[in-house]
file structure26.txt (compact mmCIF, C-alpha atoms and all ligand atoms)
# COMPACT_ATOMS: atom_id res chain seq x y z
CA MET A 1171 77.13 86.38 24.40
CA LYS A 1172 77.27 88.78 27.29
CA LYS A 1173 80.56 90.51 27.86
CA PRO A 1174 82.08 90.22 31.32
CA LEU A 1175 81.11 92.91 33.82
CA SER A 1176 83.60 95.71 34.02
CA PHE A 1177 83.97 97.86 37.08
CA HIS A 1178 84.85 101.51 36.94
CA GLU A 1179 87.83 101.42 39.25
CA ILE A 1180 90.72 103.81 39.25
CA MET A 1181 93.99 102.50 40.63
CA PRO A 1182 96.39 104.68 42.67
CA ASP A 1183 98.77 105.03 39.69
CA ASP A 1184 95.98 106.68 37.68
CA VAL A 1185 94.12 108.68 40.34
CA TRP A 1186 96.48 111.64 40.00
CA LYS A 1187 95.58 111.84 36.27
CA TRP A 1188 91.87 111.96 37.11
CA LYS A 1189 92.55 114.65 39.69
CA TYR A 1190 94.62 116.58 37.16
CA MET A 1191 91.80 116.36 34.61
CA GLU A 1192 89.16 117.36 37.18
CA ASN A 1193 91.29 120.28 38.40
CA GLN A 1194 91.75 121.61 34.88
CA VAL A 1195 88.01 121.37 34.25
CA GLU A 1196 87.16 123.06 37.55
CA GLN A 1197 89.61 125.90 36.92
CA VAL A 1198 87.62 126.88 33.82
CA LEU A 1199 84.26 126.37 35.57
CA SER A 1200 85.35 128.61 38.41
CA LEU A 1201 86.35 131.39 35.96
CA TYR A 1202 82.73 131.34 34.81
CA ASN A 1203 81.48 131.16 38.41
CA TYR A 1204 79.81 127.73 38.25
CA GLN A 1205 79.06 126.16 41.64
CA GLU A 1206 79.48 122.45 42.26
CA ILE A 1207 76.52 120.37 43.38
CA ARG A 1208 77.11 116.89 44.83
CA LEU A 1209 74.18 114.68 43.96
CA SER A 1210 73.32 111.50 45.77
CA VAL A 1211 74.23 108.26 44.03
CA LEU A 1212 70.90 106.85 45.27
CA GLN A 1213 67.93 108.43 43.60
CA ASP A 1214 64.19 108.25 44.02
CA TYR A 1215 62.88 106.15 41.13
CA ASN A 1216 59.50 107.91 41.14
CA ILE A 1217 61.11 111.31 40.61
CA LEU A 1218 63.33 109.97 37.81
CA TYR A 1219 60.37 108.22 36.20
CA LYS A 1220 58.21 111.32 36.41
CA GLY A 1221 61.01 113.44 34.94
CA ILE A 1222 61.84 111.08 32.09
CA THR A 1223 58.24 110.37 31.08
CA ALA A 1224 57.40 114.08 31.29
CA LEU A 1225 60.17 115.10 28.99
CA LEU A 1226 60.22 112.33 26.41
CA ASP A 1227 57.69 110.71 24.14
CA THR A 1228 56.46 107.30 25.24
CA GLU A 1229 58.81 105.11 23.24
CA GLU A 1230 61.88 107.14 24.08
CA ALA A 1231 60.88 107.31 27.75
CA GLN A 1232 60.44 103.53 27.86
CA GLU A 1233 63.89 103.08 26.41
CA ILE A 1234 65.49 105.41 28.97
CA THR A 1235 63.56 104.18 32.05
CA GLY A 1236 64.51 100.64 30.96
CA GLN A 1237 68.15 101.65 31.38
CA ILE A 1238 67.71 102.65 35.03
CA ILE A 1239 69.27 100.28 37.53
CA ASN A 1240 67.07 99.71 40.58
CA LEU A 1241 68.19 98.09 43.79
CA LYS A 1242 66.61 94.85 44.94
CA GLN A 1243 65.22 94.50 48.43
CA PRO A 1244 66.10 91.49 50.62
CA ASP A 1245 62.67 89.99 49.88
CA GLY A 1246 63.48 90.09 46.17
CA ASN A 1247 61.12 92.95 45.39
CA ILE A 1248 62.42 95.81 43.32
CA SER A 1249 63.20 98.83 45.44
CA LEU A 1250 62.18 102.33 44.48
CA LEU A 1251 65.80 103.37 44.90
CA SER A 1252 67.78 103.76 41.68
CA LEU A 1253 71.42 104.28 40.95
CA ARG A 1254 71.91 107.78 39.52
CA PRO A 1255 71.50 107.55 35.72
CA GLU A 1256 71.93 111.29 35.01
CA GLY A 1257 71.90 114.63 36.82
CA THR A 1258 69.68 117.12 34.99
CA ILE A 1259 66.34 116.05 36.54
CA ASN A 1260 67.83 116.28 40.01
CA VAL A 1261 69.37 119.70 39.40
CA LEU A 1262 66.11 121.06 37.98
CA ASN A 1263 64.17 119.79 41.00
CA HIS A 1264 66.72 121.30 43.37
CA VAL A 1265 66.61 124.70 41.66
CA ALA A 1266 62.79 124.69 41.40
CA ASN A 1267 62.25 123.63 45.02
CA ASN A 1268 65.10 125.14 46.98
CA LEU A 1269 66.58 128.13 45.18
CA GLU A 1270 65.37 131.61 44.53
CA GLN A 1271 63.40 131.86 41.29
CA ASN A 1272 63.92 134.57 38.67
CA LYS A 1273 67.62 134.35 39.30
CA ILE A 1274 70.35 132.77 37.22
CA HIS A 1275 71.94 129.62 38.67
CA ARG A 1276 75.15 128.17 37.31
CA ILE A 1277 75.69 124.60 38.48
CA PHE A 1278 78.00 121.71 37.65
CA TYR A 1279 78.46 118.16 38.89
CA HIS A 1280 80.63 115.23 38.03
CA GLY A 1281 80.79 111.67 39.12
CA HIS A 1282 79.73 108.16 38.37
CA MET A 1283 76.45 107.48 36.60
CA PHE A 1284 74.86 104.07 36.17
CA ARG A 1285 72.74 102.62 33.39
CA LYS A 1286 72.09 99.33 31.68
CA ASP A 1287 73.79 98.96 28.32
CA ALA A 1288 72.24 97.52 25.14
CA GLN A 1289 72.74 93.98 26.52
CA GLN A 1290 71.02 94.98 29.79
CA GLN A 1291 74.35 94.76 31.61
CA PRO A 1292 74.95 97.38 34.30
CA MET A 1293 77.52 99.97 33.32
CA GLU A 1294 79.18 102.74 35.25
CA PHE A 1295 80.54 105.86 33.60
CA ASP A 1296 82.00 109.18 34.63
CA GLN A 1297 80.28 112.30 33.44
CA LEU A 1298 80.54 116.05 33.90
CA GLY A 1299 77.27 117.96 33.74
CA VAL A 1300 76.95 121.73 33.46
CA GLU A 1301 73.65 123.61 33.69
CA LEU A 1302 72.87 127.31 33.39
CA LEU A 1303 69.33 127.82 34.66
CA GLY A 1304 67.04 130.83 34.61
CA SER A 1305 68.00 132.54 31.35
CA ASP A 1306 66.63 132.36 27.83
CA SER A 1307 69.15 134.91 26.60
CA ILE A 1308 71.26 134.02 23.61
CA LEU A 1309 74.23 134.95 25.82
CA SER A 1310 73.66 131.92 28.01
CA GLU A 1311 74.02 129.28 25.30
CA ASN A 1312 77.04 131.07 23.94
CA GLU A 1313 78.49 131.16 27.46
CA VAL A 1314 78.17 127.39 27.96
CA MET A 1315 79.38 126.53 24.44
CA ASN A 1316 82.35 128.81 24.90
CA MET A 1317 83.08 127.33 28.29
CA GLY A 1318 83.01 123.81 26.83
CA VAL A 1319 85.52 124.84 24.17
CA ARG A 1320 87.73 126.47 26.85
CA ILE A 1321 87.58 123.27 28.96
CA CYS A 1322 88.74 121.21 25.98
CA GLU A 1323 91.59 123.67 25.35
CA GLN A 1324 92.58 123.64 29.02
CA LEU A 1325 92.79 119.83 28.83
CA GLY A 1326 95.07 120.10 25.79
CA LEU A 1327 92.37 118.98 23.32
CA LYS A 1328 92.96 121.97 21.08
CA ASP A 1329 91.46 120.31 18.01
CA ALA A 1330 88.06 119.82 19.68
CA ARG A 1331 85.36 121.61 17.72
CA LEU A 1332 81.72 122.46 18.06
CA GLU A 1333 78.95 121.14 15.87
CA ILE A 1334 75.75 123.13 16.13
CA ASN A 1335 72.19 122.88 14.97
CA SER A 1336 68.80 124.32 15.91
CA PHE A 1337 65.94 122.13 17.06
CA GLY A 1338 63.39 124.94 16.65
CA CYS A 1339 60.66 125.74 19.12
CA ASN A 1340 57.08 124.74 19.90
CA VAL A 1341 55.92 127.11 17.17
CA CYS A 1342 58.01 125.85 14.26
CA ARG A 1343 58.71 122.25 15.18
CA PRO A 1344 55.23 120.92 14.34
CA ALA A 1345 55.67 122.09 10.71
CA TYR A 1346 58.90 120.14 10.48
CA PHE A 1347 57.30 117.05 12.05
CA LYS A 1348 54.48 117.27 9.53
CA ALA A 1349 56.90 117.59 6.60
CA MET A 1350 58.98 114.68 7.88
CA ARG A 1351 55.93 112.43 8.32
CA GLN A 1352 54.77 113.36 4.82
CA PHE A 1353 58.21 112.51 3.42
CA LEU A 1354 58.12 109.19 5.29
CA SER A 1355 54.73 108.26 3.96
CA ASP A 1356 55.74 109.25 0.40
CA ASN A 1357 58.88 107.13 0.66
CA LYS A 1358 57.78 104.31 2.94
CA ASP A 1359 59.36 101.60 0.78
CA LYS A 1360 62.74 103.37 0.87
CA PHE A 1361 63.09 103.13 4.67
CA CYS A 1362 63.75 100.04 6.72
CA LEU A 1363 60.90 99.23 9.12
CA SER A 1364 62.70 100.25 12.33
CA CYS A 1365 63.80 103.65 10.92
CA PHE A 1366 60.34 104.26 9.54
CA GLU A 1367 58.67 103.58 12.87
CA ALA A 1368 61.22 105.45 14.96
CA LEU A 1369 61.16 108.53 12.72
CA ASN A 1370 57.41 108.49 12.32
CA ASN A 1371 57.10 108.43 16.08
CA ASN A 1372 59.74 111.10 16.60
CA PRO A 1373 61.36 112.80 13.58
CA LEU A 1374 64.22 113.89 15.88
CA HIS A 1375 65.01 110.33 16.89
CA PRO A 1376 68.68 109.58 16.27
CA THR A 1377 68.77 106.34 14.33
CA GLU A 1378 72.00 104.71 13.41
CA CYS A 1379 70.99 102.65 10.40
CA MET A 1380 73.36 100.06 8.97
CA ASP A 1381 71.10 99.35 5.99
CA SER A 1382 72.64 101.21 3.05
CA ASN A 1383 69.35 100.96 1.14
CA CYS A 1384 67.47 102.80 3.89
CA LEU A 1385 67.06 106.49 3.13
CA HIS A 1386 67.81 107.28 6.75
CA SER A 1387 71.36 105.94 6.38
CA THR A 1388 71.94 108.55 3.68
CA LYS A 1389 70.31 111.14 5.96
CA GLN A 1390 67.78 112.18 3.33
CA GLY A 1391 64.56 113.94 4.10
CA PRO A 1392 63.50 117.39 5.21
CA LYS A 1393 65.76 119.16 7.68
CA ILE A 1394 64.52 121.13 10.65
CA HIS A 1395 66.53 124.22 9.69
CA GLU A 1396 64.33 124.54 6.58
CA HIS A 1397 61.31 124.97 8.87
CA LEU A 1398 62.59 127.35 11.57
CA CYS A 1399 60.32 130.25 12.50
CA ASN A 1400 61.69 133.79 12.30
CA LYS A 1401 62.61 133.92 15.98
CA CYS A 1402 64.50 130.60 15.87
CA LYS A 1403 66.17 131.51 12.59
CA THR A 1404 67.31 134.91 13.93
CA ASN A 1405 68.58 133.33 17.15
CA PHE A 1406 70.46 130.62 15.26
CA ASP A 1407 72.05 133.25 12.97
CA ARG A 1408 73.13 135.21 16.03
CA VAL A 1409 74.65 132.10 17.65
CA LYS A 1410 76.62 131.44 14.45
CA LYS A 1411 77.76 135.06 14.32
CA ILE A 1412 78.86 135.08 17.98
CA GLN A 1413 80.75 131.81 17.64
CA THR A 1414 82.46 133.06 14.47
CA ASN A 1415 83.49 136.29 16.18
CA LEU A 1416 84.79 134.44 19.22
CA GLY A 1417 87.01 132.47 16.86
CA ASN A 1418 85.62 129.13 18.02
CA ASN A 1419 86.08 126.23 15.66
CA PHE A 1420 82.55 125.18 14.78
CA LYS A 1421 80.60 123.53 12.03
CA ILE A 1422 76.89 123.67 11.31
CA ASN A 1423 75.59 120.13 11.25
CA HIS A 1424 71.97 119.99 10.09
CA ASN A 1425 72.00 116.25 10.76
CA LEU A 1426 72.96 116.72 14.41
CA VAL A 1427 70.41 114.85 16.51
CA LYS A 1428 70.30 114.13 20.21
CA ASN A 1429 69.39 111.17 22.35
CA PHE A 1430 66.86 113.38 24.06
CA SER A 1431 64.23 115.18 22.06
CA TYR A 1432 63.47 117.65 24.87
CA TYR A 1433 65.99 120.15 23.57
CA ASN A 1434 64.83 123.28 21.75
CA GLU A 1435 66.64 125.82 19.60
CA THR A 1436 70.43 125.60 19.97
CA VAL A 1437 71.87 122.09 20.25
CA PHE A 1438 75.56 121.29 20.01
CA ASN A 1439 78.18 118.59 20.29
CA PHE A 1440 81.87 118.72 21.13
CA VAL A 1441 83.68 116.49 18.65
CA ILE A 1442 87.25 115.43 18.16
CA GLN A 1443 89.09 113.44 15.48
CA THR A 1444 90.69 110.40 16.97
CA ASN A 1445 92.00 107.23 15.35
CA GLY A 1446 90.66 108.45 12.03
CA HIS A 1447 87.06 108.88 13.10
CA THR A 1448 84.96 111.61 14.64
CA GLU A 1449 84.25 111.06 18.30
CA VAL A 1450 81.53 112.95 20.19
CA ILE A 1451 83.05 113.71 23.60
CA GLY A 1452 80.09 115.68 24.89
CA GLY A 1453 77.27 117.97 23.97
CA GLY A 1454 74.06 119.59 25.05
CA GLY A 1455 71.66 122.32 24.23
CA ARG A 1456 68.85 124.53 25.36
CA TYR A 1457 65.93 122.94 27.23
CA ASP A 1458 63.47 125.69 28.04
CA TYR A 1459 60.36 123.46 28.23
CA LEU A 1460 61.78 120.73 30.42
CA SER A 1461 61.44 122.33 33.86
CA ASN A 1462 57.79 123.16 33.40
CA ARG A 1463 57.01 119.55 32.58
CA ILE A 1464 58.99 118.17 35.52
CA THR A 1465 58.64 120.78 38.25
CA GLY A 1466 55.67 122.84 37.06
CA LYS A 1467 57.89 125.93 37.08
CA GLN A 1468 59.10 127.77 34.01
CA ILE A 1469 62.89 127.75 34.15
CA PRO A 1470 64.63 128.32 30.81
CA ALA A 1471 67.92 126.46 30.78
CA VAL A 1472 70.90 125.34 28.76
CA GLY A 1473 73.56 122.79 29.59
CA PHE A 1474 75.97 120.16 28.39
CA TYR A 1475 77.68 116.94 29.43
CA LEU A 1476 81.23 115.79 28.87
CA ASN A 1477 82.06 112.08 28.72
CA LEU A 1478 85.00 112.08 31.12
CA ASP A 1479 85.94 108.44 30.45
CA LEU A 1480 86.34 109.22 26.77
CA VAL A 1481 88.20 112.47 27.48
CA TYR A 1482 90.50 110.58 29.85
CA ASN A 1483 91.22 107.89 27.24
CA ILE A 1484 91.99 110.45 24.54
CA MET A 1485 94.23 112.42 26.91
CA SER A 1486 96.07 109.22 27.86
CA ALA A 1487 96.57 108.21 24.23
CA ARG A 1488 97.90 111.69 23.48
CA ASN A 1489 100.13 111.80 26.55
CA LEU A 1490 98.48 114.94 27.84
CA PHE A 1491 98.87 114.25 31.53
CA GLN A 1492 101.70 116.38 32.76
CA THR A 1493 103.88 114.31 35.03
CA GLN A 1494 103.77 115.51 38.56
CA SER A 1495 106.93 116.86 40.12
CA LYS A 1496 107.94 114.48 42.86
CA PRO A 1497 107.22 115.70 46.36
CA PHE A 1498 110.07 116.02 48.82
CA ARG A 1499 109.73 112.97 51.02
CA VAL A 1500 111.55 111.57 54.06
CA TYR A 1501 111.78 107.88 54.80
CA ILE A 1502 112.06 107.20 58.52
CA SER A 1503 112.79 103.97 60.28
CA THR A 1504 113.82 102.65 63.66
CA GLN A 1505 116.08 99.69 64.19
CA SER A 1506 115.72 99.49 67.98
CA ASP A 1507 112.99 98.93 70.53
CA ASP A 1508 111.22 101.74 72.32
CA LEU A 1509 111.98 104.41 69.74
CA GLU A 1510 108.46 104.48 68.31
CA ILE A 1511 107.46 107.58 70.25
CA MET A 1512 110.52 109.48 69.10
CA LEU A 1513 109.91 108.38 65.52
CA LEU A 1514 106.30 109.56 65.58
CA GLN A 1515 107.32 112.87 67.17
CA ILE A 1516 109.86 113.52 64.40
CA VAL A 1517 107.20 112.62 61.80
CA GLN A 1518 104.79 115.07 63.41
CA GLU A 1519 107.36 117.86 63.29
CA LEU A 1520 108.13 117.11 59.63
CA HIS A 1521 104.43 117.24 58.82
CA GLU A 1522 104.16 120.61 60.58
CA ASP A 1523 106.81 121.72 58.10
CA ASP A 1524 104.71 120.27 55.23
CA ILE A 1525 107.22 117.54 54.57
CA SER A 1526 105.82 114.22 53.41
CA THR A 1527 107.03 111.06 55.16
CA ILE A 1528 107.00 107.31 54.83
CA ILE A 1529 107.27 105.40 58.08
CA ASN A 1530 108.78 101.97 58.00
CA THR A 1531 106.72 99.83 60.35
CA ASP A 1532 109.02 96.80 60.07
CA ARG A 1533 112.48 96.29 61.42
CA ASN A 1534 114.77 96.15 58.36
CA PRO A 1535 118.50 96.05 57.84
CA THR A 1536 119.82 99.36 56.47
CA GLU A 1537 120.28 98.00 52.92
CA LYS A 1538 116.64 96.94 52.78
CA ASP A 1539 115.52 100.32 54.18
CA THR A 1540 117.59 102.09 51.53
CA GLU A 1541 116.00 100.00 48.83
CA VAL A 1542 112.44 100.77 50.02
CA ALA A 1543 113.21 104.48 50.46
CA LEU A 1544 114.51 104.74 46.88
CA GLU A 1545 111.59 102.74 45.51
CA ASN A 1546 109.29 105.32 47.10
CA ASP A 1547 111.22 108.29 45.66
CA CYS A 1548 112.37 109.55 49.05
CA GLN A 1549 115.22 112.07 48.94
CA VAL A 1550 116.16 111.59 52.59
CA MET A 1551 116.31 108.66 54.98
CA VAL A 1552 116.46 108.91 58.77
CA ILE A 1553 117.34 105.86 60.85
CA LEU A 1554 116.93 105.81 64.61
CA ARG A 1555 119.15 103.35 66.45
CA ALA A 1556 119.50 103.06 70.24
CA GLU A 1557 123.33 103.32 70.14
CA ASN A 1558 123.17 106.62 68.17
CA ILE A 1559 120.30 108.05 70.19
CA ARG A 1560 122.33 107.52 73.40
CA GLU A 1561 124.86 109.96 71.89
CA GLY A 1562 122.00 112.27 70.90
CA LYS A 1563 122.34 111.48 67.19
CA ALA A 1564 120.52 109.90 64.26
CA LEU A 1565 121.66 108.60 60.90
CA LEU A 1566 120.71 110.94 58.06
CA LYS A 1567 121.10 109.77 54.48
CA ASN A 1568 120.92 112.34 51.68
CA PHE A 1569 120.10 110.43 48.47
CA ILE A 1570 120.46 113.52 46.28
CA LYS A 1571 124.11 114.03 47.18
CA GLU A 1572 124.61 110.33 47.93
CA LYS A 1573 126.13 110.95 51.34
CA GLN A 1574 125.29 110.11 54.91
CA SER A 1575 126.19 111.46 58.34
CA TYR A 1576 125.25 111.22 62.00
CA VAL A 1577 123.59 114.47 62.96
CA SER A 1578 122.58 115.64 66.42
CA LEU A 1579 118.86 115.30 67.08
CA SER A 1580 118.49 119.04 67.51
CA ASP A 1581 120.00 119.59 64.05
CA LEU A 1582 117.91 116.90 62.36
CA LEU A 1583 115.01 119.05 61.21
CA PRO A 1584 117.13 122.06 60.13
CA GLU A 1585 119.40 119.68 58.17
CA ILE A 1586 116.41 118.11 56.41
CA ASP A 1587 115.13 121.56 55.59
CA ILE A 1588 118.49 122.50 54.01
CA ILE A 1589 118.32 119.39 51.85
CA ARG A 1590 114.75 120.23 50.86
CA LYS A 1591 115.75 123.71 49.77
CA SER A 1592 118.69 122.39 47.81
CA ALA A 1593 116.47 119.79 46.18
CA GLN A 1594 114.31 122.53 44.65
CA VAL A 1595 111.37 120.21 44.30
CA THR A 1596 107.85 120.99 45.32
CA THR A 1597 106.59 119.81 48.64
ZN ZN B 1 60.75 128.45 16.30
ZN ZN B 2 67.02 102.24 8.47
call {"tool": "encode", "arguments": {"input": "structure26.txt", "output": "structure tokens"}}
result
Amino acid sequence: MKKPLSFHEIMPDDVWKWKYMENQVEQVLSLYNYQEIRLSVLQDYNILYKGITALLDTEEAQEITGQIINLKQPDGNISLLSLRPEGTINVLNHVANNLEQNKIHRIFYHGHMFRKDAQQQPMEFDQLGVELLGSDSILSENEVMNMGVRICEQLGLKDARLEINSFGCNVCRPAYFKAMRQFLSDNKDKFCLSCFEALNNNPLHPTECMDSNCLHSTKQGPKIHEHLCNKCKTNFDRVKKIQTNLGNNFKINHNLVKNFSYYNETVFNFVIQTNGHTEVIGGGGRYDYLSNRITGKQIPAVGFYLNLDLVYNIMSARNLFQTQSKPFRVYISTQSDDLEIMLLQIVQELHEDDISTIINTDRNPTEKDTEVALENDCQVMVILRAENIREGKALLKNFIKEKQSYVSLSDLLPEIDIIRKSAQVTT
């Protein structure tokens, strides 16, 4: 049975938490000088298709293109416009077509992505993507891995750790593929059919096998690290050494596989223990061959994604969102006709002083106004009534000191400012 559609909506009570999370992430990204790119939610299907089929083997590409959500035209035909399923292809095209080559570009993006899930239901998810393009130096993958760890720490996820592996290169990977296919053919009866076919097609295919008799479920077989060439082996040793010296919590995971086989050399995941199991909250790796296949230009690159929905849920469960200090806020209301202009003028002057306001647009008795003002965490209430205005005064209620007085209109703003200062809350 299909599960009901769920929409990725964020209600006002939770938006501040998303902003908090995004701000923390961006603080770290800005320390490393990453520039934000804002990608269109509508994407050209042909470009996505070309990118995905260029970078993945046929079966994998079919699986991924099958997850793309295309719009329907009024005549019922499928449009060539897709909802953004990922960002890397777009970023690579942008860098290859619009930016100076032979330079290093550090780019990030975040926002909603759209794909079909296993039941072909549309799903919407929030993802951060980080790409460092133009460098094949070992420094660049260590930079992005380090940055990912720092982002987790900044968010309060201090137990997040790295898992790393090497996917080898075009030189050494064929030897591993050959060894894996040999192992498969020697042990054909010990694999279930779907694992056998998937692995035979792509030995790096991540297969979650539930069949305990299938050798793949016990993760047996040759490992790519046993087949690395000297260059890949040296690079991987250096990555391990750098991460050790930086004091980053990491584990070598020779079984680490990726949804995309286009990675080469260093691949990594960010994992966290939650509810007794290991959760992958993000990951990435080096993808030096990808650009050439998509854009025709050689752009070595490394990047990672972070599953922001998952990060948000873990942060919520761990109470990691620091409660905001309440802003200083004035509730303002009029109980007589023809005072709207005066009310709006006072509001304007308060705003010039960076003081937040709530205007009551209804005519309420004072008790009701008081109730609404307190509900909205206002520290001050101003009520304009014709009989007071004739004497040049307005009613000012100070909720902090629980007192009220009639102050002259010329003293209204200075009085509010005194209360703000005494409140010692942020504005
Ligand atoms: Zn190699
Ligand atoms: Zn299996």
call {"tool": "closest_atom_pairs", "arguments": {"input": "structure26.txt", "of": "chain A", "to": "ligand ZN 1 (chain B)", "cutoff": "7 Å", "atoms": "all atoms listed in the file", "output": "tab-separated table"}}
result
residue	atom	partner	partner_atom	distance
A:Gly1338	CA	B:ZN1	ZN	4.4
A:Cys1339	CA	B:ZN1	ZN	3.9
A:Asn1340	CA	B:ZN1	ZN	6.3
A:Val1341	CA	B:ZN1	ZN	5.1
A:Cys1342	CA	B:ZN1	ZN	4.3
A:Arg1343	CA	B:ZN1	ZN	6.6
A:Leu1398	CA	B:ZN1	ZN	5.2
A:Cys1399	CA	B:ZN1	ZN	4.2
A:Asn1400	CA	B:ZN1	ZN	6.7
A:Lys1401	CA	B:ZN1	ZN	5.8
A:Cys1402	CA	B:ZN1	ZN	4.3
call {"tool": "residues_near_ligand", "arguments": {"input": "structure26.txt", "ligand": "ligand ZN 2 (chain B)", "cutoff": "8 Å", "atoms": "only C-alpha atoms and all ligand atoms", "output": "PyMOL selection string"}}
result
chain A and resi 1361-1366+1377-1387
call {"tool": "atom_distance", "arguments": {"input": "structure26.txt", "atom1": "CA of Ser1249 (chain A)", "atom2": "CA of Thr1228 (chain A)"}}
result
22.9 Å
call {"tool": "closest_residue", "arguments": {"input": "structure26.txt", "among": "A:Leu1218, A:Val1314, A:Leu1269, A:Val1185", "to": "Gly1473 (chain A)", "atoms": "only C-alpha atoms"}}
result
A:Val1314
call {"tool": "closest_residue", "arguments": {"input": "structure26.txt", "among": "A:Ile1412, A:Ala1266, A:Ile1422, A:Leu1582", "to": "Val1500 (chain A)", "atoms": "only C-alpha atoms"}}
result
A:Leu1582
call {"tool": "residues_near_point", "arguments": {"input": "structure26.txt", "point": "(124.6, 112.2, 62.7)", "cutoff": "10 Å", "atoms": "only C-alpha atoms", "output": "PDB file with C-alpha atoms, in the frame of the given file"}}
result
ATOM      1  CA  VAL A1552     116.460 108.910  58.770  1.00  0.00           C
ATOM      2  CA  ILE A1553     117.340 105.860  60.850  1.00  0.00           C
ATOM      3  CA  ASN A1558     123.170 106.620  68.170  1.00  0.00           C
ATOM      4  CA  ILE A1559     120.300 108.050  70.190  1.00  0.00           C
ATOM      5  CA  GLU A1561     124.860 109.960  71.890  1.00  0.00           C
ATOM      6  CA  GLY A1562     122.000 112.270  70.900  1.00  0.00           C
ATOM      7  CA  LYS A1563     122.340 111.480  67.190  1.00  0.00           C
ATOM      8  CA  ALA A1564     120.520 109.900  64.260  1.00  0.00           C
ATOM      9  CA  LEU A1565     121.660 108.600  60.900  1.00  0.00           C
ATOM     10  CA  LEU A1566     120.710 110.940  58.060  1.00  0.00           C
ATOM     11  CA  LYS A1567     121.100 109.770  54.480  1.00  0.00           C
ATOM     12  CA  GLN A1574     125.290 110.110  54.910  1.00  0.00           C
ATOM     13  CA  SER A1575     126.190 111.460  58.340  1.00  0.00           C
ATOM     14  CA  TYR A1576     125.250 111.220  62.000  1.00  0.00           C
ATOM     15  CA  VAL A1577     123.590 114.470  62.960  1.00  0.00           C
ATOM     16  CA  SER A1578     122.580 115.640  66.420  1.00  0.00           C
ATOM     17  CA  LEU A1579     118.860 115.300  67.080  1.00  0.00           C
ATOM     18  CA  ASP A1581     120.000 119.590  64.050  1.00  0.00           C
ATOM     19  CA  LEU A1582     117.910 116.900  62.360  1.00  0.00           C
TER      20      LEU A1582
END
call {"tool": "atom_distance", "arguments": {"input": "structure26.txt", "atom1": "CA of Ala1543 (chain A)", "atom2": "CA of Phe1491 (chain A)"}}
result
25.7 Å
call {"tool": "residues_around", "arguments": {"input": "structure26.txt", "residues": "Leu1520 (chain A)", "least_positions_apart": "4", "cutoff": "10 Å", "atoms": "all atoms listed in the file", "output": "list of chain:residue names"}}
result
A:Arg1499, A:Val1500, A:Leu1514, A:Gln1515, A:Ile1516, A:Asp1524, A:Ile1525, A:Ser1526, A:Thr1527, A:Leu1583, A:Ile1586, A:Asp1587
call {"tool": "write_last_selection", "arguments": {"input": "structure26.txt", "atoms": "C-alpha atoms", "output": "PDB file, keeping the file's coordinate frame"}}
result
ATOM      1  CA  ARG A1499     109.730 112.970  51.020  1.00  0.00           C
ATOM      2  CA  VAL A1500     111.550 111.570  54.060  1.00  0.00           C
ATOM      3  CA  LEU A1514     106.300 109.560  65.580  1.00  0.00           C
ATOM      4  CA  GLN A1515     107.320 112.870  67.170  1.00  0.00           C
ATOM      5  CA  ILE A1516     109.860 113.520  64.400  1.00  0.00           C
ATOM      6  CA  ASP A1524     104.710 120.270  55.230  1.00  0.00           C
ATOM      7  CA  ILE A1525     107.220 117.540  54.570  1.00  0.00           C
ATOM      8  CA  SER A1526     105.820 114.220  53.410  1.00  0.00           C
ATOM      9  CA  THR A1527     107.030 111.060  55.160  1.00  0.00           C
ATOM     10  CA  LEU A1583     115.010 119.050  61.210  1.00  0.00           C
ATOM     11  CA  ILE A1586     116.410 118.110  56.410  1.00  0.00           C
ATOM     12  CA  ASP A1587     115.130 121.560  55.590  1.00  0.00           C
TER      13      ASP A1587
END
call {"tool": "decode", "arguments": {"input": "structure26.txt", "residues": "region 1467-1486 of chain A", "atoms": "C-alpha atoms", "output": "JSON list (two decimals), in the first residue's frame"}}
result
[["chain", "number", "residue", "atom", "x", "y", "z"],
["A", 1467, "LYS", "CA", 36.36, 19.73, -19.57],
["A", 1468, "GLN", "CA", 38.80, 18.23, -17.11],
["A", 1469, "ILE", "CA", 37.90, 19.62, -13.69],
["A", 1470, "PRO", "CA", 39.14, 17.58, -10.74],
["A", 1471, "ALA", "CA", 36.72, 17.94, -7.86],
["A", 1472, "VAL", "CA", 35.70, 16.79, -4.42],
["A", 1473, "GLY", "CA", 32.50, 17.40, -2.52],
["A", 1474, "PHE", "CA", 29.94, 16.17, -0.03],
["A", 1475, "TYR", "CA", 26.27, 16.38, 0.87],
["A", 1476, "LEU", "CA", 24.62, 16.67, 4.24],
["A", 1477, "ASN", "CA", 21.08, 15.37, 4.78],
["A", 1478, "LEU", "CA", 19.64, 18.43, 6.52],
["A", 1479, "ASP", "CA", 16.31, 16.75, 7.36],
["A", 1480, "LEU", "CA", 18.15, 14.04, 9.25],
["A", 1481, "VAL", "CA", 20.49, 16.54, 10.92],
["A", 1482, "TYR", "CA", 17.47, 18.61, 11.94],
["A", 1483, "ASN", "CA", 15.70, 15.57, 13.43],
["A", 1484, "ILE", "CA", 18.77, 14.52, 15.39],
["A", 1485, "MET", "CA", 19.31, 18.08, 16.66],
["A", 1486, "SER", "CA", 15.64, 18.27, 17.71]]
